[in-house]
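Student: Pasting final.cif here (mmCIF, C-alpha atoms and all ligand atoms):
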```
data_start
#
loop_
_atom_site.label_atom_id
_atom_site.label_comp_id
_atom_site.auth_asym_id
_atom_site.auth_seq_id
_atom_site.Cartn_x
_atom_site.Cartn_y
_atom_site.Cartn_z
CA MET A 25 0.00 0.00 0.00
CA THR A 26 1.33 3.44 -0.87
CA ARG A 27 1.65 5.92 2.00
CA GLY A 28 1.32 9.55 0.91
CA ARG A 29 1.47 10.80 -2.65
CA ALA A 30 3.67 8.89 -5.10
CA SER A 31 5.48 11.79 -6.76
CA TYR A 32 7.81 14.35 -5.17
CA ASP A 33 10.35 17.02 -6.02
CA ALA A 34 13.04 15.49 -3.80
CA ILE A 35 13.35 12.09 -2.12
CA VAL A 36 15.83 11.81 0.75
CA VAL A 37 17.09 8.34 1.70
CA GLY A 38 18.27 8.17 5.33
CA LEU A 39 17.20 10.64 8.03
CA GLY A 40 20.27 10.78 10.26
CA GLY A 41 22.21 13.98 10.78
CA ALA A 42 22.65 14.87 7.11
CA GLY A 43 19.32 13.54 5.77
CA SER A 44 17.12 15.24 8.36
CA ALA A 45 18.88 18.56 7.62
CA ALA A 46 18.48 18.02 3.87
CA ALA A 47 14.75 17.30 4.24
CA TYR A 48 14.41 20.47 6.35
CA HIS A 49 16.19 22.80 3.94
CA LEU A 50 14.54 21.31 0.86
CA ALA A 51 11.10 21.69 2.45
CA LEU A 52 11.85 25.27 3.56
CA ALA A 53 12.77 26.05 -0.06
CA GLY A 54 9.29 24.94 -1.12
CA GLU A 55 10.16 21.48 -2.50
CA ARG A 56 7.69 18.61 -2.11
CA VAL A 57 9.92 16.34 -0.02
CA LEU A 58 9.71 12.68 0.95
CA GLY A 59 12.15 11.45 3.60
CA LEU A 60 12.57 7.68 3.98
CA GLU A 61 14.29 6.15 7.01
CA GLN A 62 14.75 2.44 7.56
CA PHE A 63 14.57 2.68 11.38
CA GLY A 64 12.62 4.87 13.81
CA PRO A 65 13.47 8.42 14.87
CA ASN A 66 16.74 8.83 16.80
CA HIS A 67 17.79 5.18 16.59
CA ALA A 68 21.23 4.09 17.81
CA TRP A 69 22.38 1.98 14.82
CA GLY A 70 24.07 4.69 12.74
CA SER A 71 26.34 7.65 13.48
CA SER A 72 24.21 10.46 14.92
CA HIS A 73 23.30 9.34 18.45
CA GLY A 74 25.17 9.70 21.77
CA ARG A 75 23.80 12.91 23.38
CA THR A 76 26.63 15.30 22.41
CA ARG A 77 28.95 16.24 19.53
CA ILE A 78 31.88 18.65 19.37
CA TYR A 79 31.94 21.62 17.03
CA ARG A 80 35.04 23.71 16.47
CA THR A 81 36.22 26.35 14.00
CA ALA A 82 40.05 26.25 13.91
CA TYR A 83 39.72 23.21 11.72
CA PHE A 84 42.99 21.25 11.55
CA GLU A 85 41.55 19.18 8.69
CA GLY A 86 41.97 22.22 6.41
CA PRO A 87 40.92 25.83 5.79
CA ALA A 88 38.38 24.73 3.15
CA TYR A 89 36.10 23.73 6.02
CA VAL A 90 36.06 27.17 7.66
CA PRO A 91 33.34 28.90 5.58
CA LEU A 92 31.19 25.80 5.95
CA VAL A 93 31.65 25.54 9.70
CA ARG A 94 30.87 29.25 10.13
CA ARG A 95 27.61 28.94 8.23
CA ALA A 96 26.84 25.68 10.07
CA GLN A 97 27.09 27.50 13.40
CA GLU A 98 24.73 30.24 12.24
CA LEU A 99 22.24 27.62 11.14
CA TRP A 100 22.46 25.71 14.44
CA HIS A 101 21.72 28.92 16.35
CA GLN A 102 18.78 29.64 14.03
CA LEU A 103 17.49 26.11 14.54
CA GLU A 104 17.67 26.56 18.30
CA GLU A 105 15.64 29.76 18.00
CA THR A 106 13.00 28.42 15.65
CA SER A 107 12.59 25.00 17.29
CA GLY A 108 12.79 26.07 20.93
CA ARG A 109 15.02 23.01 21.61
CA ARG A 110 18.50 22.94 23.10
CA ILE A 111 20.72 22.60 20.02
CA ILE A 112 24.09 24.28 20.64
CA GLN A 113 26.17 25.35 23.62
CA PRO A 114 29.48 27.24 23.32
CA THR A 115 32.21 25.99 25.69
CA GLY A 116 35.45 26.87 23.87
CA GLY A 117 37.77 24.12 22.72
CA LEU A 118 41.36 23.00 23.31
CA MET A 119 43.46 21.19 20.69
CA ILE A 120 46.25 19.63 22.76
CA GLY A 121 49.49 17.98 21.71
CA ARG A 122 53.10 18.70 20.84
CA PRO A 123 53.42 21.85 18.73
CA GLY A 124 54.10 19.90 15.50
CA THR A 125 51.22 17.39 15.73
CA PRO A 126 48.61 17.61 12.95
CA THR A 127 45.89 18.62 15.43
CA VAL A 128 47.78 21.54 17.00
CA ALA A 129 49.81 22.71 13.98
CA GLY A 130 46.87 22.23 11.60
CA ALA A 131 44.43 24.10 13.86
CA ARG A 132 46.93 26.94 14.22
CA ARG A 133 47.50 27.16 10.46
CA THR A 134 43.76 27.24 9.78
CA ALA A 135 43.15 29.82 12.52
CA GLU A 136 45.91 32.07 11.16
CA MET A 137 44.87 31.71 7.52
CA GLY A 138 41.20 32.29 8.35
CA ARG A 139 41.98 35.08 10.87
CA LEU A 140 39.98 33.20 13.48
CA ALA A 141 40.19 34.21 17.12
CA HIS A 142 42.53 31.76 18.88
CA GLU A 143 45.22 31.55 21.54
CA VAL A 144 48.29 29.34 21.67
CA LEU A 145 48.78 28.31 25.30
CA SER A 146 51.90 26.86 26.93
CA ARG A 147 51.57 23.90 29.25
CA ASP A 148 51.75 26.24 32.28
CA GLU A 149 49.10 28.55 30.85
CA VAL A 150 46.77 25.60 30.24
CA GLN A 151 47.31 24.37 33.76
CA GLN A 152 46.51 27.76 35.23
CA ARG A 153 43.39 28.38 33.19
CA PHE A 154 42.13 24.83 32.77
CA PRO A 155 43.37 22.73 35.72
CA GLN A 156 41.22 19.82 34.47
CA PHE A 157 43.96 18.97 31.92
CA ARG A 158 47.35 17.49 32.81
CA LEU A 159 49.64 18.04 29.84
CA GLN A 160 52.95 16.26 29.32
CA PRO A 161 56.09 18.48 29.44
CA GLU A 162 56.35 19.17 25.67
CA GLU A 163 52.63 19.59 25.09
CA VAL A 164 50.86 22.89 24.30
CA ALA A 165 47.30 23.79 23.31
CA LEU A 166 45.45 25.91 20.82
CA PHE A 167 42.34 27.46 22.36
CA ASP A 168 39.42 27.92 19.95
CA PRO A 169 36.95 30.23 21.75
CA ALA A 170 34.24 29.56 19.14
CA ALA A 171 34.07 25.79 19.81
CA GLY A 172 31.38 23.98 21.77
CA VAL A 173 28.79 21.25 21.92
CA LEU A 174 25.79 20.17 19.84
CA PHE A 175 22.98 17.92 21.07
CA PRO A 176 22.49 15.51 18.15
CA GLU A 177 19.18 13.89 19.12
CA ASN A 178 17.62 17.35 19.47
CA CYS A 179 19.18 18.44 16.17
CA LEU A 180 17.65 15.49 14.30
CA GLU A 181 14.26 15.96 15.96
CA ALA A 182 14.25 19.70 15.25
CA HIS A 183 15.21 19.21 11.59
CA ALA A 184 12.63 16.44 11.07
CA ALA A 185 9.85 18.36 12.84
CA GLY A 186 10.77 21.53 10.95
CA ALA A 187 10.70 19.63 7.66
CA VAL A 188 7.23 18.24 8.42
CA GLY A 189 6.09 21.71 9.49
CA ALA A 190 7.21 23.02 6.09
CA GLY A 191 5.21 20.32 4.29
CA ALA A 192 7.63 17.36 4.01
CA GLU A 193 6.43 13.78 4.39
CA ILE A 194 8.60 11.58 6.54
CA HIS A 195 8.26 7.81 6.66
CA TYR A 196 10.11 6.00 9.41
CA GLY A 197 10.50 2.21 9.26
CA GLU A 198 10.53 2.24 5.45
CA PRO A 199 13.85 1.02 4.02
CA VAL A 200 14.77 1.81 0.42
CA LYS A 201 15.43 -1.44 -1.42
CA ARG A 202 16.18 -0.15 -4.93
CA TRP A 203 16.37 3.07 -6.86
CA SER A 204 16.94 4.05 -10.46
CA ALA A 205 17.40 7.34 -12.26
CA ASN A 206 17.27 8.54 -15.85
CA SER A 207 17.26 11.98 -17.46
CA GLU A 208 13.53 12.41 -16.67
CA ALA A 209 13.09 11.23 -13.07
CA VAL A 210 14.20 9.07 -10.18
CA VAL A 211 12.26 6.04 -8.97
CA VAL A 212 12.62 4.67 -5.45
CA GLU A 213 11.27 1.32 -4.25
CA THR A 214 10.54 0.29 -0.69
CA PRO A 215 8.75 -2.87 0.52
CA SER A 216 5.46 -0.93 0.59
CA ALA A 217 5.58 1.52 -2.33
CA THR A 218 7.24 2.95 -5.40
CA TYR A 219 7.88 6.70 -5.47
CA ARG A 220 8.91 9.03 -8.27
CA GLY A 221 10.85 12.23 -7.83
CA ARG A 222 12.78 14.94 -9.62
CA SER A 223 15.89 14.42 -7.51
CA LEU A 224 17.24 11.81 -5.13
CA VAL A 225 19.43 12.57 -2.13
CA ILE A 226 21.30 9.63 -0.60
CA THR A 227 22.38 10.31 2.98
CA ALA A 228 22.67 6.71 4.15
CA GLY A 229 25.65 7.07 6.54
CA PRO A 230 27.33 3.69 7.16
CA TRP A 231 25.00 2.10 4.57
CA THR A 232 26.17 4.41 1.76
CA THR A 233 28.16 1.80 -0.14
CA ARG A 234 25.12 -0.53 -0.07
CA VAL A 235 22.61 2.09 -1.26
CA MET A 236 25.09 3.56 -3.75
CA ALA A 237 26.77 0.32 -4.83
CA ASP A 238 27.39 1.39 -8.44
CA LEU A 239 29.80 4.17 -7.40
CA HIS A 240 32.24 1.79 -5.67
CA LEU A 241 33.09 4.45 -3.10
CA PRO A 242 36.09 3.32 -1.01
CA LEU A 243 34.34 4.08 2.29
CA GLN A 244 35.18 1.98 5.33
CA VAL A 245 32.89 1.58 8.30
CA GLU A 246 34.58 1.59 11.69
CA ARG A 247 33.14 0.70 15.08
CA GLN A 248 33.77 3.26 17.83
CA PHE A 249 33.01 3.47 21.54
CA VAL A 250 32.47 6.49 23.77
CA LEU A 251 32.39 6.37 27.56
CA TRP A 252 31.02 8.64 30.30
CA PHE A 253 33.16 9.20 33.42
CA PRO A 254 31.72 10.81 36.58
CA SER A 255 33.13 14.12 37.86
CA THR A 256 34.73 13.92 41.27
CA ALA A 257 35.45 17.62 41.86
CA SER A 258 32.44 19.88 42.24
CA ASP A 259 32.30 21.96 39.07
CA LEU A 260 35.71 21.35 37.41
CA ALA A 261 34.08 19.43 34.56
CA SER A 262 31.02 21.64 34.16
CA PRO A 263 30.41 23.11 30.67
CA ASP A 264 31.09 26.65 31.86
CA ARG A 265 34.56 25.65 33.13
CA MET A 266 35.71 22.79 30.93
CA PRO A 267 36.17 23.28 27.18
CA VAL A 268 35.70 20.45 24.71
CA PHE A 269 39.08 18.96 23.79
CA LEU A 270 40.97 17.00 21.17
CA TRP A 271 44.24 15.48 22.36
CA ASP A 272 46.78 14.29 19.82
CA ARG A 273 49.48 11.93 21.07
CA GLY A 274 50.40 10.42 17.73
CA PRO A 275 48.57 8.71 14.85
CA SER A 276 47.02 5.94 16.96
CA GLU A 277 46.44 7.88 20.18
CA HIS A 278 43.88 10.59 19.59
CA THR A 279 41.38 11.31 22.34
CA TYR A 280 38.52 13.78 22.53
CA GLY A 281 36.16 14.80 25.27
CA ILE A 282 33.09 16.78 26.20
CA PRO A 283 32.32 18.33 29.63
CA ASP A 284 29.80 16.96 32.06
CA PHE A 285 26.20 17.84 31.14
CA GLY A 286 24.86 15.88 34.08
CA ASP A 287 25.83 12.39 32.92
CA GLY A 288 29.62 12.58 33.25
CA VAL A 289 32.54 13.64 31.07
CA LYS A 290 32.25 11.93 27.69
CA VAL A 291 35.53 10.61 26.28
CA GLY A 292 36.16 8.86 22.99
CA SER A 293 39.34 7.79 21.32
CA TRP A 294 40.88 6.66 18.09
CA PHE A 295 43.05 4.02 19.78
CA GLY A 296 43.36 1.60 16.87
CA LYS A 297 40.83 0.92 14.13
CA ARG A 298 38.09 -1.72 14.15
CA ALA A 299 36.71 -2.26 10.64
CA ALA A 300 33.03 -3.21 10.60
CA SER A 301 29.90 -3.26 8.52
CA PRO A 302 26.62 -1.76 9.74
CA GLU A 303 24.99 -5.21 9.82
CA SER A 304 27.80 -7.17 11.46
CA ALA A 305 29.31 -4.42 13.63
CA ASP A 306 30.17 -5.87 17.00
CA ARG A 307 28.42 -3.55 19.46
CA ILE A 308 29.36 -5.60 22.50
CA PHE A 309 31.40 -3.68 25.01
CA ARG A 310 34.72 -5.26 25.89
CA GLU A 311 37.19 -4.35 28.60
CA GLN A 312 39.92 -3.84 25.99
CA ASP A 313 37.80 -1.12 24.36
CA ALA A 314 37.72 0.82 27.60
CA ASP A 315 41.18 0.21 29.05
CA PRO A 316 43.17 2.74 26.97
CA VAL A 317 40.48 5.37 27.56
CA ARG A 318 40.45 4.71 31.32
CA ARG A 319 44.26 5.00 31.36
CA PHE A 320 44.00 8.30 29.48
CA VAL A 321 41.44 9.67 31.95
CA ALA A 322 43.54 8.57 34.94
CA SER A 323 46.73 10.15 33.58
CA SER A 324 45.47 13.28 31.87
CA LEU A 325 42.24 14.58 33.46
CA SER A 326 41.79 15.97 36.98
CA GLY A 327 38.47 15.87 38.81
CA VAL A 328 37.21 12.90 36.77
CA SER A 329 36.97 9.27 37.93
CA PRO A 330 38.60 6.75 35.55
CA ARG A 331 35.70 4.26 36.07
CA GLU A 332 33.01 4.85 33.47
CA THR A 333 29.32 4.77 34.32
CA ALA A 334 27.98 4.40 30.78
CA TYR A 335 29.10 3.72 27.24
CA ALA A 336 27.73 3.74 23.70
CA SER A 337 28.85 2.31 20.38
CA CYS A 338 28.64 4.25 17.15
CA LEU A 339 29.87 3.90 13.56
CA TYR A 340 32.28 6.07 11.57
CA THR A 341 32.18 5.97 7.77
CA ASN A 342 35.72 6.83 6.72
CA ALA A 343 36.95 8.05 3.35
CA PRO A 344 40.64 7.25 2.66
CA ASP A 345 41.52 10.98 2.81
CA GLN A 346 39.19 11.61 5.81
CA HIS A 347 37.19 14.21 3.85
CA PHE A 348 33.46 14.08 3.14
CA VAL A 349 31.67 12.85 0.03
CA LEU A 350 29.27 15.52 -1.20
CA GLY A 351 28.17 16.01 -4.76
CA ARG A 352 26.31 14.71 -7.77
CA HIS A 353 26.51 11.16 -9.00
CA PRO A 354 28.86 11.39 -12.01
CA ARG A 355 26.52 9.55 -14.39
CA ARG A 356 23.08 10.18 -12.85
CA ARG A 357 22.81 13.91 -12.46
CA ARG A 358 19.52 13.77 -10.57
CA VAL A 359 21.22 11.90 -7.73
CA ILE A 360 23.21 13.58 -4.95
CA VAL A 361 25.32 11.50 -2.59
CA VAL A 362 26.53 12.61 0.82
CA SER A 363 28.67 10.89 3.40
CA ALA A 364 29.58 13.58 5.88
CA CYS A 365 31.46 11.49 8.36
CA SER A 366 35.07 10.32 8.68
CA GLY A 367 34.33 10.89 12.36
CA HIS A 368 33.92 14.67 12.16
CA GLY A 369 30.81 15.43 10.11
CA PHE A 370 28.02 16.12 12.57
CA LYS A 371 28.82 19.81 13.13
CA PHE A 372 28.45 20.36 9.35
CA THR A 373 25.12 18.63 8.85
CA SER A 374 23.11 21.88 9.13
CA VAL A 375 25.05 23.56 6.32
CA ILE A 376 25.20 20.32 4.35
CA GLY A 377 21.40 20.26 4.38
CA GLU A 378 21.41 23.77 2.94
CA VAL A 379 24.05 22.86 0.32
CA ILE A 380 22.03 19.80 -0.74
CA SER A 381 18.96 21.97 -1.15
CA HIS A 382 20.89 24.32 -3.48
CA LEU A 383 22.40 21.44 -5.45
CA ALA A 384 19.05 19.67 -5.87
CA ARG A 385 17.45 22.87 -7.16
CA GLY A 386 20.35 23.58 -9.54
CA GLU A 387 21.46 26.70 -7.68
CA PRO A 388 25.07 27.71 -6.90
CA THR A 389 26.07 26.73 -3.37
CA GLY A 390 28.62 29.50 -2.84
CA TYR A 391 31.25 27.02 -1.59
CA ASP A 392 34.21 25.31 -3.19
CA LEU A 393 33.17 21.67 -2.81
CA SER A 394 36.01 20.12 -4.86
CA LEU A 395 37.56 18.58 -1.72
CA PHE A 396 34.39 16.49 -1.32
CA ASP A 397 33.88 15.45 -4.96
CA PRO A 398 32.52 11.85 -5.08
CA ASN A 399 34.62 11.34 -8.26
CA ARG A 400 37.95 12.08 -6.64
CA PHE A 401 38.58 8.43 -5.80
CA ASP A 402 38.13 7.41 -9.46
CA ARG A 403 40.62 10.08 -10.50
CA ASN A 404 43.07 8.86 -7.85
CA ARG A 405 42.59 5.25 -8.97
CA ARG A 406 43.24 6.27 -12.60
CA ALA A 407 46.28 8.36 -11.58
CA SER A 408 47.77 5.52 -9.55
CA LYS A 409 47.50 3.21 -12.59
CA SER A 410 49.17 5.69 -14.96
C1 LIG A 501 31.44 8.00 18.39
C2 LIG A 501 31.30 9.13 17.40
C3 LIG A 501 31.66 10.41 17.79
C4 LIG A 501 31.56 11.48 16.89
N1 LIG A 501 31.89 12.72 17.32
C5 LIG A 501 31.72 13.78 16.50
C6 LIG A 501 31.92 15.10 16.98
O1 LIG A 501 32.24 15.30 18.15
N2 LIG A 501 31.72 16.12 16.11
C7 LIG A 501 31.34 15.93 14.82
O2 LIG A 501 31.18 16.91 14.09
N3 LIG A 501 31.12 14.68 14.34
C8 LIG A 501 31.29 13.61 15.14
N4 LIG A 501 31.06 12.34 14.70
C9 LIG A 501 30.68 12.13 13.29
C10 LIG A 501 29.22 12.42 13.07
O3 LIG A 501 28.43 11.97 14.12
C11 LIG A 501 28.80 11.82 11.73
O4 LIG A 501 29.63 12.41 10.75
C12 LIG A 501 27.35 12.10 11.39
O5 LIG A 501 26.51 11.74 12.45
C13 LIG A 501 26.99 11.33 10.11
O6 LIG A 501 25.62 11.53 9.81
P1 LIG A 501 24.95 10.78 8.57
O7 LIG A 501 23.66 11.43 8.34
O8 LIG A 501 25.94 10.75 7.44
O9 LIG A 501 24.79 9.26 9.03
P2 LIG A 501 23.67 8.63 9.99
O10 LIG A 501 23.33 9.57 11.07
O11 LIG A 501 24.12 7.27 10.34
O12 LIG A 501 22.40 8.56 9.06
C14 LIG A 501 22.24 7.65 8.02
C15 LIG A 501 20.80 7.20 8.05
O13 LIG A 501 20.47 6.53 6.83
C16 LIG A 501 19.57 5.50 7.16
N5 LIG A 501 19.56 4.53 6.05
C17 LIG A 501 20.62 3.83 5.60
N6 LIG A 501 20.25 3.03 4.58
C18 LIG A 501 18.93 3.25 4.38
C19 LIG A 501 17.97 2.71 3.45
N7 LIG A 501 18.30 1.79 2.54
N8 LIG A 501 16.69 3.15 3.53
C20 LIG A 501 16.32 4.10 4.45
N9 LIG A 501 17.19 4.62 5.35
C21 LIG A 501 18.49 4.21 5.31
C22 LIG A 501 20.13 4.96 8.46
O14 LIG A 501 19.21 4.16 9.16
C23 LIG A 501 20.53 6.22 9.17
O15 LIG A 501 19.47 6.71 9.98
C24 LIG A 501 31.12 11.24 15.57
C25 LIG A 501 30.75 9.96 15.18
C26 LIG A 501 30.81 8.91 16.08
C27 LIG A 501 30.39 7.54 15.63
#
```
Write out the structure in this file as structure tokens.
Tutor:
Amino acid sequence: MTRGRASYDAIVVGLGGAGSAAAYHLALAGERVLGLEQFGPNHAWGSSHGRTRIYRTAYFEGPAYVPLVRRAQELWHQLEETSGRRIIQPTGGLMIGRPGTPTVAGARRTAEMGRLAHEVLSRDEVQQRFPQFRLQPEEVALFDPAAGVLFPENCLEAHAAGAVGAGAEIHYGEPVKRWSANSEAVVVETPSATYRGRSLVITAGPWTTRVMADLHLPLQVERQFVLWFPSTASDLASPDRMPVFLWDRGPSEHTYGIPDFGDGVKVGSWFGKRAASPESADRIFREQDADPVRRFVASSLSGVSPRETAYASCLYTNAPDQHFVLGRHPRRRRVIVVSACSGHGFKFTSVIGEVISHLARGEPTGYDLSLFDPNRFDRNRRASKS
């Protein structure tokens, strides 16, 4: 049985961080939108759950991200205003490590090139201002005053509710099984219906290579854990005293953390990679997942107990160069594919929704998106053969 009408301007597949924002911005622009999500609202099987996400502006991943992250922040504040939900909270952010590490040196380069407010702090200065952090002798920090925290479940709910308010139809529990596209239209099949549209937006997160099999994108899904550790000192870890942080101690020892919003300090790490698939991902918690993080908390944070009280698993979808995939399908121009992950995409999903809306309606986006071109892997493959 068909739910809703069968023909739309834009069909969005996957309503996680990126898809819910896309549905919202497309609907605000007056498009007749259908959003299809295989699970229910705010499920915990993809990449956009876990109560909090870091946003930051001195982006060590490259200056190309700065205009996007600035617009993303504006949009998050607007969403907070229009939805009346808690969406964004500034806390400031510290990028910690030796001066030459990619996180510290890259954040500094981006801040200088983009003329972003920032401070480079010595170990002593960090210890005076932020006694929660115990740096090693050679470590320094870059302070990004415009960094902070997003509340992902609220963001998804606000985008989805806003999309429906602007006329979008959203179907939860309706997985897309097949799609096709020609120069006239796109056709999307689910177990209960067949829909036609003018454009198709695929924001399928860890399922992207399944839904977009013909592109052979070299994306790798990786299982991650985050843990919550209780504060032991009255307000040392509160959001008005503790900034979000990224701590770089070499390629396999990156840690990040978020202050205590009432459920403990959240800490995650990139201690070693665990390849996975969304279906077979091992979501069982094991002591060896937690041990390096507990050791980090014990050695590097003050006022925080190294025994976690909660944990969650989540999936990264990594591109080989750690940049996003965002653009048109090279052969099916009505199809837009987005994988805004590689472990750092959530903060951008508001602006990505807006960019998708411009792309789908054939309007200029105002950004240089070449870094995110879905065809770049093909070009690299061809170049490596020549
Ligand atoms: C532990 C962890 C910590 C992170 N920390 C940060 C951070 O601090 N800051 C930051 O900016 N980013 C962070 N990220 C990255 C960020 O969360 C992701 O980049 C972002 O959530 C990706 O959103 P998405 O929409 O691409 O994927 P998802 O949110 O996973 O959405 C994809 C959706 O598509 C649906 N779907 C898939 N296939 C189908 C189908 N066939 N039919 C219908 N629906 C389908 C899925 O069910 C899912 O709901 C973190 C990620 C993890 C895992």
Student: Residues at most 6 Å from region 222-232 of chain A, counting all atoms listed in the file, excluding those fewer than 3 positions away in the same chain, as a list in words?
Tutor: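 What passes the distance filter is Asp33, Ala34, Ile35, Val36, Val37, Gly38, Gly43, Ala209, Val235, Met236, Thr341, Arg358, Val359, Ile360, Val361, Val362 and Ser363 of chain A.
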Student: Enumerate residues in contact with ligand LIG 501 (chain A): an atom-to-atom distance of at most 6 Å, counting only C-alpha atoms and all ligand atoms. Format the result as JSON, numbers by chain.
Tutor: {"A": [37, 38, 39, 40, 41, 42, 43, 60, 61, 62, 63, 70, 71, 72, 77, 78, 79, 199, 200, 201, 227, 228, 229, 230, 231, 235, 248, 249, 250, 338, 339, 340, 363, 364, 365, 367, 368, 369, 370, 371]}
Student: Here is a test: counting all atoms listed in the file, which residue of A:Ala299, A:Val210, A:Val144, A:Ala45 is nearest to Cys179 (chain A)?
Tutor: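 Among the listed residues, A:Ala45 lies closest to Cys179 (chain A).
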Student: Taking (48.0, 26.6, 13.1) in the file's coordinates as the center, which residues reach within 12 Å of it, counting only C-alpha atoms, put as a ChimeraX atom specification?
Tutor: /A:81-87,119,123-144,165-168
Student: Now that the selection is made, can you save its residues with C-alpha atoms as a PDB file, in the frame of the given file?
Tutor:
```
ATOM      1  CA  THR A  81      36.220  26.350  14.000  1.00  0.00           C
ATOM      2  CA  ALA A  82      40.050  26.250  13.910  1.00  0.00           C
ATOM      3  CA  TYR A  83      39.720  23.210  11.720  1.00  0.00           C
ATOM      4  CA  PHE A  84      42.990  21.250  11.550  1.00  0.00           C
ATOM      5  CA  GLU A  85      41.550  19.180   8.690  1.00  0.00           C
ATOM      6  CA  GLY A  86      41.970  22.220   6.410  1.00  0.00           C
ATOM      7  CA  PRO A  87      40.920  25.830   5.790  1.00  0.00           C
ATOM      8  CA  MET A 119      43.460  21.190  20.690  1.00  0.00           C
ATOM      9  CA  PRO A 123      53.420  21.850  18.730  1.00  0.00           C
ATOM     10  CA  GLY A 124      54.100  19.900  15.500  1.00  0.00           C
ATOM     11  CA  THR A 125      51.220  17.390  15.730  1.00  0.00           C
ATOM     12  CA  PRO A 126      48.610  17.610  12.950  1.00  0.00           C
ATOM     13  CA  THR A 127      45.890  18.620  15.430  1.00  0.00           C
ATOM     14  CA  VAL A 128      47.780  21.540  17.000  1.00  0.00           C
ATOM     15  CA  ALA A 129      49.810  22.710  13.980  1.00  0.00           C
ATOM     16  CA  GLY A 130      46.870  22.230  11.600  1.00  0.00           C
ATOM     17  CA  ALA A 131      44.430  24.100  13.860  1.00  0.00           C
ATOM     18  CA  ARG A 132      46.930  26.940  14.220  1.00  0.00           C
ATOM     19  CA  ARG A 133      47.500  27.160  10.460  1.00  0.00           C
ATOM     20  CA  THR A 134      43.760  27.240   9.780  1.00  0.00           C
ATOM     21  CA  ALA A 135      43.150  29.820  12.520  1.00  0.00           C
ATOM     22  CA  GLU A 136      45.910  32.070  11.160  1.00  0.00           C
ATOM     23  CA  MET A 137      44.870  31.710   7.520  1.00  0.00           C
ATOM     24  CA  GLY A 138      41.200  32.290   8.350  1.00  0.00           C
ATOM     25  CA  ARG A 139      41.980  35.080  10.870  1.00  0.00           C
ATOM     26  CA  LEU A 140      39.980  33.200  13.480  1.00  0.00           C
ATOM     27  CA  ALA A 141      40.190  34.210  17.120  1.00  0.00           C
ATOM     28  CA  HIS A 142      42.530  31.760  18.880  1.00  0.00           C
ATOM     29  CA  GLU A 143      45.220  31.550  21.540  1.00  0.00           C
ATOM     30  CA  VAL A 144      48.290  29.340  21.670  1.00  0.00           C
ATOM     31  CA  ALA A 165      47.300  23.790  23.310  1.00  0.00           C
ATOM     32  CA  LEU A 166      45.450  25.910  20.820  1.00  0.00           C
ATOM     33  CA  PHE A 167      42.340  27.460  22.360  1.00  0.00           C
ATOM     34  CA  ASP A 168      39.420  27.920  19.950  1.00  0.00           C
TER      35      ASP A 168
END
```
Student: CA of Val375 (chain A) and CA of Gly390 (chain A) are how many Å apart?
Tutor: 11.5 Å
Student: CA of Arg202 (chain A) to CA of Leu239 (chain A): how many Å, to one decimal?
Tutor: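 Computed distance, CA of Arg202 (chain A) to CA of Leu239 (chain A), equals 14.5 Å.
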Student: Rounded to one decimal, what separation in Å do you get between CA of Leu174 (chain A) and CA of Thr76 (chain A)?
Tutor: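 Spanning CA of Leu174 (chain A) to CA of Thr76 (chain A) is a straight-line distance of 5.6 Å.
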Student: I'd like the neighbourhood of Ala184 (chain A) as a ChimeraX atom specification, where a residue qualifies if any of its atoms comes within 7 Å (using all atoms listed in the file), though same-chain residues fewer than 4 positions away should be ignored.
Tutor: /A:44,48,180,188
Student: Using only C-alpha atoms, find each residue of region 145-199 of chain A with at least one atom at most 12 Å away from an atom of region 320-335 of chain A; report its shortest atom-to-atom pair and that distance in Å (one decimal), sort the rows by chain and rising residue number, and return the result as CSV.
Tutor:
```
residue,atom,partner,partner_atom,distance
A:Gln151,CA,A:Ser326,CA,10.6
A:Phe154,CA,A:Ser326,CA,9.8
A:Pro155,CA,A:Ser326,CA,7.1
A:Gln156,CA,A:Ser326,CA,4.6
A:Phe157,CA,A:Leu325,CA,5.0
A:Arg158,CA,A:Ser324,CA,4.7
A:Leu159,CA,A:Ser324,CA,6.6
A:Gln160,CA,A:Ser324,CA,8.4
A:Glu163,CA,A:Ser324,CA,11.7
```
Student: For region 371-375 of chain A, what centre and edge lengths in Å (one decimal) does the axis-aligned box get once 3 Å is added on each side of all its listed atoms, as JSON?
Tutor:
```
{"center_x": 26.0, "center_y": 21.1, "center_z": 9.7, "size_x": 11.7, "size_y": 10.9, "size_z": 12.8}
```
Student: Write out as a ChimeraX atom specification each polymer residue whose atoms come within 10 Å of Leu251 (chain A), counting all atoms listed in the file; drop sequence neighbours fewer than 2 positions from it.
Tutor: /A:74,249,253,281,288-293,313-314,317-318,331-337
Student: Pull the neighbourhood of (3.6, 15.8, 4.4) for me: all residues within 9 Å in file coordinates, counting all atoms listed in the file, as a PDB file with C-alpha atoms, in the frame of the given file.
Tutor:
```
ATOM      1  CA  GLY A  28       1.320   9.550   0.910  1.00  0.00           C
ATOM      2  CA  ARG A  29       1.470  10.800  -2.650  1.00  0.00           C
ATOM      3  CA  ARG A  56       7.690  18.610  -2.110  1.00  0.00           C
ATOM      4  CA  VAL A  57       9.920  16.340  -0.020  1.00  0.00           C
ATOM      5  CA  LEU A  58       9.710  12.680   0.950  1.00  0.00           C
ATOM      6  CA  ALA A 187      10.700  19.630   7.660  1.00  0.00           C
ATOM      7  CA  VAL A 188       7.230  18.240   8.420  1.00  0.00           C
ATOM      8  CA  GLY A 189       6.090  21.710   9.490  1.00  0.00           C
ATOM      9  CA  ALA A 190       7.210  23.020   6.090  1.00  0.00           C
ATOM     10  CA  GLY A 191       5.210  20.320   4.290  1.00  0.00           C
ATOM     11  CA  ALA A 192       7.630  17.360   4.010  1.00  0.00           C
ATOM     12  CA  GLU A 193       6.430  13.780   4.390  1.00  0.00           C
ATOM     13  CA  ILE A 194       8.600  11.580   6.540  1.00  0.00           C
TER      14      ILE A 194
END
```
